$ cat upload-v3.tsv   # TSV, C-alpha atoms
chain	number	residue	atom	x	y	z
N	21	MET	CA	-29.72	21.76	10.45
N	22	ALA	CA	-25.95	21.45	10.80
N	23	MET	CA	-24.37	18.16	9.91
N	24	THR	CA	-20.84	17.00	10.55
N	25	ASP	CA	-18.79	15.89	7.58
N	26	PRO	CA	-19.21	12.22	6.80
N	27	THR	CA	-16.38	9.77	7.30
N	28	ILE	CA	-15.51	8.18	3.96
N	29	THR	CA	-13.89	4.75	3.86
N	30	THR	CA	-13.57	1.79	1.52
N	31	ALA	CA	-16.61	-0.47	1.62
N	32	THR	CA	-16.20	-3.99	2.96
N	33	ALA	CA	-18.15	-7.20	2.43
N	34	ALA	CA	-19.89	-6.58	5.75
N	35	ASP	CA	-21.45	-3.43	4.22
N	36	ALA	CA	-23.22	-5.29	1.39
N	37	GLY	CA	-26.71	-5.58	2.87
N	38	GLU	CA	-26.86	-2.00	4.10
N	39	LEU	CA	-25.43	-0.74	0.79
N	40	LEU	CA	-28.06	-2.60	-1.21
N	41	THR	CA	-30.81	-1.06	0.94
N	42	LEU	CA	-29.30	2.42	0.56
N	43	GLN	CA	-28.90	2.02	-3.20
N	44	ARG	CA	-32.50	0.94	-3.67
N	45	ALA	CA	-33.84	3.76	-1.50
N	46	ALA	CA	-31.74	6.34	-3.34
N	47	TYR	CA	-32.64	5.17	-6.86
N	48	VAL	CA	-36.41	4.92	-6.36
N	49	THR	CA	-36.80	8.61	-7.20
N	50	GLU	CA	-34.81	8.10	-10.40
N	51	ALA	CA	-37.06	5.18	-11.35
N	52	GLN	CA	-40.11	7.35	-10.75
N	53	LEU	CA	-38.63	10.22	-12.74
N	54	TYR	CA	-38.10	7.98	-15.77
N	55	ARG	CA	-41.06	5.65	-15.17
N	56	GLU	CA	-38.61	2.78	-15.35
N	57	PRO	CA	-38.72	0.37	-12.39
N	58	ASP	CA	-35.96	-1.82	-13.77
N	59	LEU	CA	-33.00	0.55	-13.48
N	60	PRO	CA	-29.85	-1.52	-12.92
N	61	PRO	CA	-29.24	-0.14	-9.39
N	62	LEU	CA	-32.72	-1.34	-8.45
N	63	THR	CA	-32.40	-4.81	-9.96
N	64	GLU	CA	-28.87	-5.57	-8.77
N	65	SER	CA	-28.86	-8.61	-6.49
N	66	LEU	CA	-27.02	-8.94	-3.21
N	67	ALA	CA	-24.66	-11.46	-4.86
N	68	GLU	CA	-23.90	-8.97	-7.66
N	69	LEU	CA	-23.26	-6.22	-5.14
N	70	ARG	CA	-20.95	-8.48	-3.15
N	71	ALA	CA	-19.02	-9.25	-6.34
N	72	ALA	CA	-18.69	-5.51	-7.03
N	73	LEU	CA	-17.39	-4.96	-3.50
N	74	ALA	CA	-14.86	-7.78	-3.94
N	75	GLY	CA	-13.49	-5.95	-6.98
N	76	GLY	CA	-12.68	-2.90	-4.85
N	77	GLY	CA	-13.33	0.70	-5.71
N	78	THR	CA	-16.46	1.27	-3.61
N	79	LEU	CA	-16.45	4.04	-1.05
N	80	VAL	CA	-19.04	4.60	1.68
N	81	ALA	CA	-19.90	7.69	3.69
N	82	ARG	CA	-20.90	7.32	7.32
N	83	LEU	CA	-22.05	10.00	9.70
N	84	ALA	CA	-19.82	10.46	12.71
N	85	GLY	CA	-21.28	9.14	15.94
N	86	GLY	CA	-24.75	7.74	16.31
N	87	PRO	CA	-25.77	4.15	16.72
N	88	GLY	CA	-24.22	1.83	14.18
N	89	ARG	CA	-22.62	4.65	12.18
N	90	ARG	CA	-25.22	4.49	9.44
N	91	ILE	CA	-24.03	4.37	5.84
N	92	VAL	CA	-25.50	7.47	4.22
N	93	GLY	CA	-23.85	7.38	0.80
N	94	SER	CA	-21.71	5.37	-1.54
N	95	VAL	CA	-19.98	5.52	-4.90
N	96	ARG	CA	-18.13	3.05	-7.11
N	97	SER	CA	-15.15	3.63	-9.34
N	98	ARG	CA	-12.80	1.74	-11.58
N	99	LEU	CA	-9.73	2.79	-13.48
N	100	ALA	CA	-9.41	1.73	-17.13
N	101	ALA	CA	-6.97	3.10	-19.69
N	102	GLY	CA	-6.30	6.21	-17.62
N	103	THR	CA	-9.97	7.04	-17.07
N	104	CYS	CA	-11.60	6.81	-13.65
N	105	HIS	CA	-15.15	5.63	-14.35
N	106	ILE	CA	-17.50	6.72	-11.57
N	107	GLY	CA	-20.88	5.12	-10.99
N	108	ARG	CA	-23.69	4.28	-8.62
N	109	LEU	CA	-23.30	7.47	-6.62
N	110	CYS	CA	-26.10	7.43	-4.09
N	111	VAL	CA	-27.05	9.32	-0.95
N	112	ALA	CA	-29.76	8.45	1.56
N	113	PRO	CA	-32.92	10.28	0.46
N	114	ASP	CA	-33.36	12.01	3.82
N	115	LEU	CA	-29.84	13.48	3.61
N	116	GLN	CA	-29.61	14.55	-0.03
N	117	GLY	CA	-28.53	18.12	-0.65
N	118	ARG	CA	-26.18	18.25	2.35
N	119	GLY	CA	-22.84	17.75	0.62
N	120	ILE	CA	-22.47	13.99	0.98
N	121	GLY	CA	-22.49	13.36	-2.78
N	122	SER	CA	-19.90	16.11	-3.29
N	123	ALA	CA	-17.71	14.63	-0.55
N	124	LEU	CA	-17.92	11.18	-2.13
N	125	LEU	CA	-16.98	12.51	-5.58
N	126	ARG	CA	-14.04	14.42	-4.16
N	127	ALA	CA	-12.92	11.27	-2.33
N	128	VAL	CA	-13.07	9.21	-5.53
N	129	GLU	CA	-11.03	11.83	-7.35
N	130	ALA	CA	-8.47	11.90	-4.53
N	131	ALA	CA	-8.27	8.10	-4.48
N	132	HIS	CA	-7.34	8.11	-8.18
N	133	ALA	CA	-5.08	11.18	-8.10
N	134	GLY	CA	-1.83	10.54	-9.89
N	135	ARG	CA	-3.25	7.49	-11.69
N	136	ALA	CA	-6.20	8.88	-13.66
N	137	ASP	CA	-5.95	11.26	-16.60
N	138	ARG	CA	-9.66	12.00	-16.48
N	139	TYR	CA	-12.87	11.26	-14.61
N	140	ALA	CA	-16.05	10.10	-16.35
N	141	LEU	CA	-19.62	9.43	-15.25
N	142	PHE	CA	-23.17	9.57	-16.56
N	143	THR	CA	-26.69	10.35	-15.41
N	144	GLY	CA	-30.14	10.55	-16.94
N	145	TYR	CA	-31.07	13.69	-18.85
N	146	ARG	CA	-33.96	14.50	-16.49
N	147	SER	CA	-31.83	14.20	-13.35
N	148	GLU	CA	-31.44	17.94	-12.85
N	149	GLY	CA	-30.05	17.73	-9.31
N	150	ASN	CA	-27.36	15.31	-10.45
N	151	LEU	CA	-26.48	17.49	-13.43
N	152	ARG	CA	-26.18	20.57	-11.18
N	153	LEU	CA	-23.95	18.68	-8.74
N	154	TYR	CA	-21.63	17.45	-11.48
N	155	ALA	CA	-21.42	20.88	-13.12
N	156	ARG	CA	-20.61	22.48	-9.75
N	157	LEU	CA	-17.71	20.03	-9.39
N	158	GLY	CA	-16.32	20.80	-12.84
N	159	TYR	CA	-17.82	18.03	-14.97
N	160	VAL	CA	-18.89	18.94	-18.50
N	161	GLU	CA	-21.08	17.09	-20.95
N	162	THR	CA	-19.13	14.91	-23.37
N	163	GLY	CA	-22.01	13.20	-25.16
N	164	ARG	CA	-25.41	11.56	-24.98
N	165	ASP	CA	-26.81	8.16	-25.85
N	166	ALA	CA	-29.71	5.94	-24.87
N	167	ASP	CA	-29.61	2.98	-22.50
N	168	PRO	CA	-31.44	-0.29	-23.32
N	169	ALA	CA	-34.68	1.11	-21.80
N	170	GLY	CA	-34.48	4.15	-24.09
N	171	ILE	CA	-33.49	6.62	-21.36
N	172	THR	CA	-31.21	9.35	-22.66
N	173	LEU	CA	-27.96	9.31	-20.70
N	174	VAL	CA	-25.78	12.39	-20.35
N	175	HIS	CA	-22.08	11.50	-20.23
N	176	LEU	CA	-19.86	13.93	-18.35
N	177	GLY	CA	-16.16	14.18	-17.70
N	178	LYS	CA	-13.37	16.33	-16.47
N	179	PRO	CA	-9.60	16.13	-16.69
N	180	ALA	CA	-7.64	15.04	-13.67
N	181	PRO	CA	-5.22	17.65	-12.36
N	182	ARG	CA	-1.80	17.40	-13.96
N	183	SER	CA	1.08	16.51	-11.65
N	184	ALA	CA	2.24	20.14	-11.56
N	185	ASP	CA	-1.28	21.15	-10.43
N	186	ARG	CA	-1.28	18.71	-7.50
N	187	ARG	CA	-0.02	20.13	-4.25
$ encode --input "upload-v3.tsv" --output "structure tokens"
Amino acid sequence: MAMTDPTITTATAADAGELLTLQRAAYVTEAQLYREPDLPPLTESLAELRAALAGGGTLVARLAGGPGRRIVGSVRSRLAAGTCHIGRLCVAPDLQGRGIGSALLRAVEAAHAGRADRYALFTGYRSEGNLRLYARLGYVETGRDADPAGITLVHLGKPAPRSADRR
């Protein structure tokens, strides 16, 4: 089934409820994979999500056309000490594997072009689809550690293009 490219924009406060629903739907499979129902994306409250949106750095993907222009993906980022930290990448379960996650990651990288020296993110060690996506986009493993629930996290990163590489 052909799908048009999503429109990616900065999230607004009006997106909070729909984003929380999307995030929970997208992370249920991760919770099942790790047998951990209390993953932070699943326990985040609407107030916490609104606070994250107020801080900026959240992008949403919407499909062109259709009623209400449904939010089908989102990602958060923040810049600290030259590193763009990427998190909470999620895509609607019924649309995973169609390039939305890739488009969101490329959009985050573009948003931080010229300001970030590198990009960093993490995922669980059993999240094979996530690991394949990140590898396809040039991310390499930089280390592993365990979160408070004991889940092994794989940290990945890649350098940002140097100024001479940007055209």
$ atom_distance --input "upload-v3.tsv" --atom1 "atom CA of N:Val80" --atom2 "atom CA of N:Gly121"
10.4 Å
$ atom_distance --input "upload-v3.tsv" --atom1 "atom CA of N:Ala74" --atom2 "atom CA of N:Leu124"
19.3 Å
$ axis_aligned_box --input "upload-v3.tsv" --around "stretch 93-96 of chain N" --padding-each-side "4 Å" --output "lines of an AutoDock Vina configuration file"
center_x = -21.0
center_y = 5.2
center_z = -3.2
size_x = 13.7
size_y = 12.3
size_z = 15.9
$ residues_around --input "upload-v3.tsv" --residues "N:Ala45" --least-positions-apart "3" --cutoff "9 Å" --atoms "only C-alpha atoms" --output "list of chain:residue names"
N:Leu40, N:Thr41, N:Leu42, N:Val48, N:Thr49, N:Leu62, N:Cys110, N:Val111, N:Ala112, N:Pro113
$ write_last_selection --input "upload-v3.tsv" --atoms "C-alpha atoms" --output "mmCIF file, in the frame of the given file"
data_model
loop_
_atom_site.group_PDB
_atom_site.id
_atom_site.type_symbol
_atom_site.label_atom_id
_atom_site.label_comp_id
_atom_site.auth_asym_id
_atom_site.auth_seq_id
_atom_site.Cartn_x
_atom_site.Cartn_y
_atom_site.Cartn_z
ATOM 1 C CA LEU N 40 -28.060 -2.600 -1.210
ATOM 2 C CA THR N 41 -30.810 -1.060 0.940
ATOM 3 C CA LEU N 42 -29.300 2.420 0.560
ATOM 4 C CA VAL N 48 -36.410 4.920 -6.360
ATOM 5 C CA THR N 49 -36.800 8.610 -7.200
ATOM 6 C CA LEU N 62 -32.720 -1.340 -8.450
ATOM 7 C CA CYS N 110 -26.100 7.430 -4.090
ATOM 8 C CA VAL N 111 -27.050 9.320 -0.950
ATOM 9 C CA ALA N 112 -29.760 8.450 1.560
ATOM 10 C CA PRO N 113 -32.920 10.280 0.460
#
$ closest_residue --input "upload-v3.tsv" --among "N:Asp114, N:Glu161, N:Glu56, N:Asp35" --to "N:Phe142" --atoms "only C-alpha atoms"
N:Glu161
$ closest_residue --input "upload-v3.tsv" --among "N:Ala100, N:Leu39, N:Ile91, N:Ala46" --to "N:Arg70" --atoms "only C-alpha atoms"
N:Leu39
$ closest_residue --input "upload-v3.tsv" --among "N:Asp25, N:Asp167, N:Asp137, N:Glu50" --to "N:Ala123" --atoms "only C-alpha atoms"
N:Asp25
$ closest_residue --input "upload-v3.tsv" --among "N:Pro168, N:Gly107, N:Tyr54, N:Gln43" --to "N:Ser147" --atoms "only C-alpha atoms"
N:Tyr54
$ atom_distance --input "upload-v3.tsv" --atom1 "atom CA of N:Thr32" --atom2 "atom CA of N:Gly77"
10.3 Å
$ residues_around --input "upload-v3.tsv" --residues "N:Arg82" --least-positions-apart "2" --cutoff "7 Å" --atoms "all atoms listed in the file" --output "list in words"
Pro26, Thr27, Ile28, Val80, Ala84, Arg89, Arg90, Ile91 and Val92 of chain N
$ write_last_selection --input "upload-v3.tsv" --atoms "C-alpha atoms" --output "JSON list (two decimals), keeping the file's coordinate frame"
[["chain", "number", "residue", "atom", "x", "y", "z"],
["N", 26, "PRO", "CA", -19.21, 12.22, 6.80],
["N", 27, "THR", "CA", -16.38, 9.77, 7.30],
["N", 28, "ILE", "CA", -15.51, 8.18, 3.96],
["N", 80, "VAL", "CA", -19.04, 4.60, 1.68],
["N", 84, "ALA", "CA", -19.82, 10.46, 12.71],
["N", 89, "ARG", "CA", -22.62, 4.65, 12.18],
["N", 90, "ARG", "CA", -25.22, 4.49, 9.44],
["N", 91, "ILE", "CA", -24.03, 4.37, 5.84],
["N", 92, "VAL", "CA", -25.50, 7.47, 4.22]]
$ closest_residue --input "upload-v3.tsv" --among "N:Leu109, N:Ala34, N:Gln116, N:Thr103" --to "N:Pro61" --atoms "all atoms listed in the file"
N:Leu109
$ closest_residue --input "upload-v3.tsv" --among "N:Gly149, N:Pro60, N:Gly102, N:Gly158" --to "N:Gly177" --atoms "all atoms listed in the file"
N:Gly158
$ residues_around --input "upload-v3.tsv" --residues "N:Asp165" --least-positions-apart "2" --cutoff "12 Å" --atoms "all atoms listed in the file" --output "PyMOL selection string"
chain N and resi 142-145+161-163+167-176
$ residues_around --input "upload-v3.tsv" --residues "N:Thr78" --least-positions-apart "5" --cutoff "12 Å" --atoms "all atoms listed in the file" --output "ChimeraX atom specification"
/N:28-33,35-36,39,69-73,93-98,105-110,124-125,127-128,131
$ residues_around --input "upload-v3.tsv" --residues "N:Arg138" --least-positions-apart "4" --cutoff "6 Å" --atoms "only C-alpha atoms" --output "ChimeraX atom specification"
/N:103,178-180
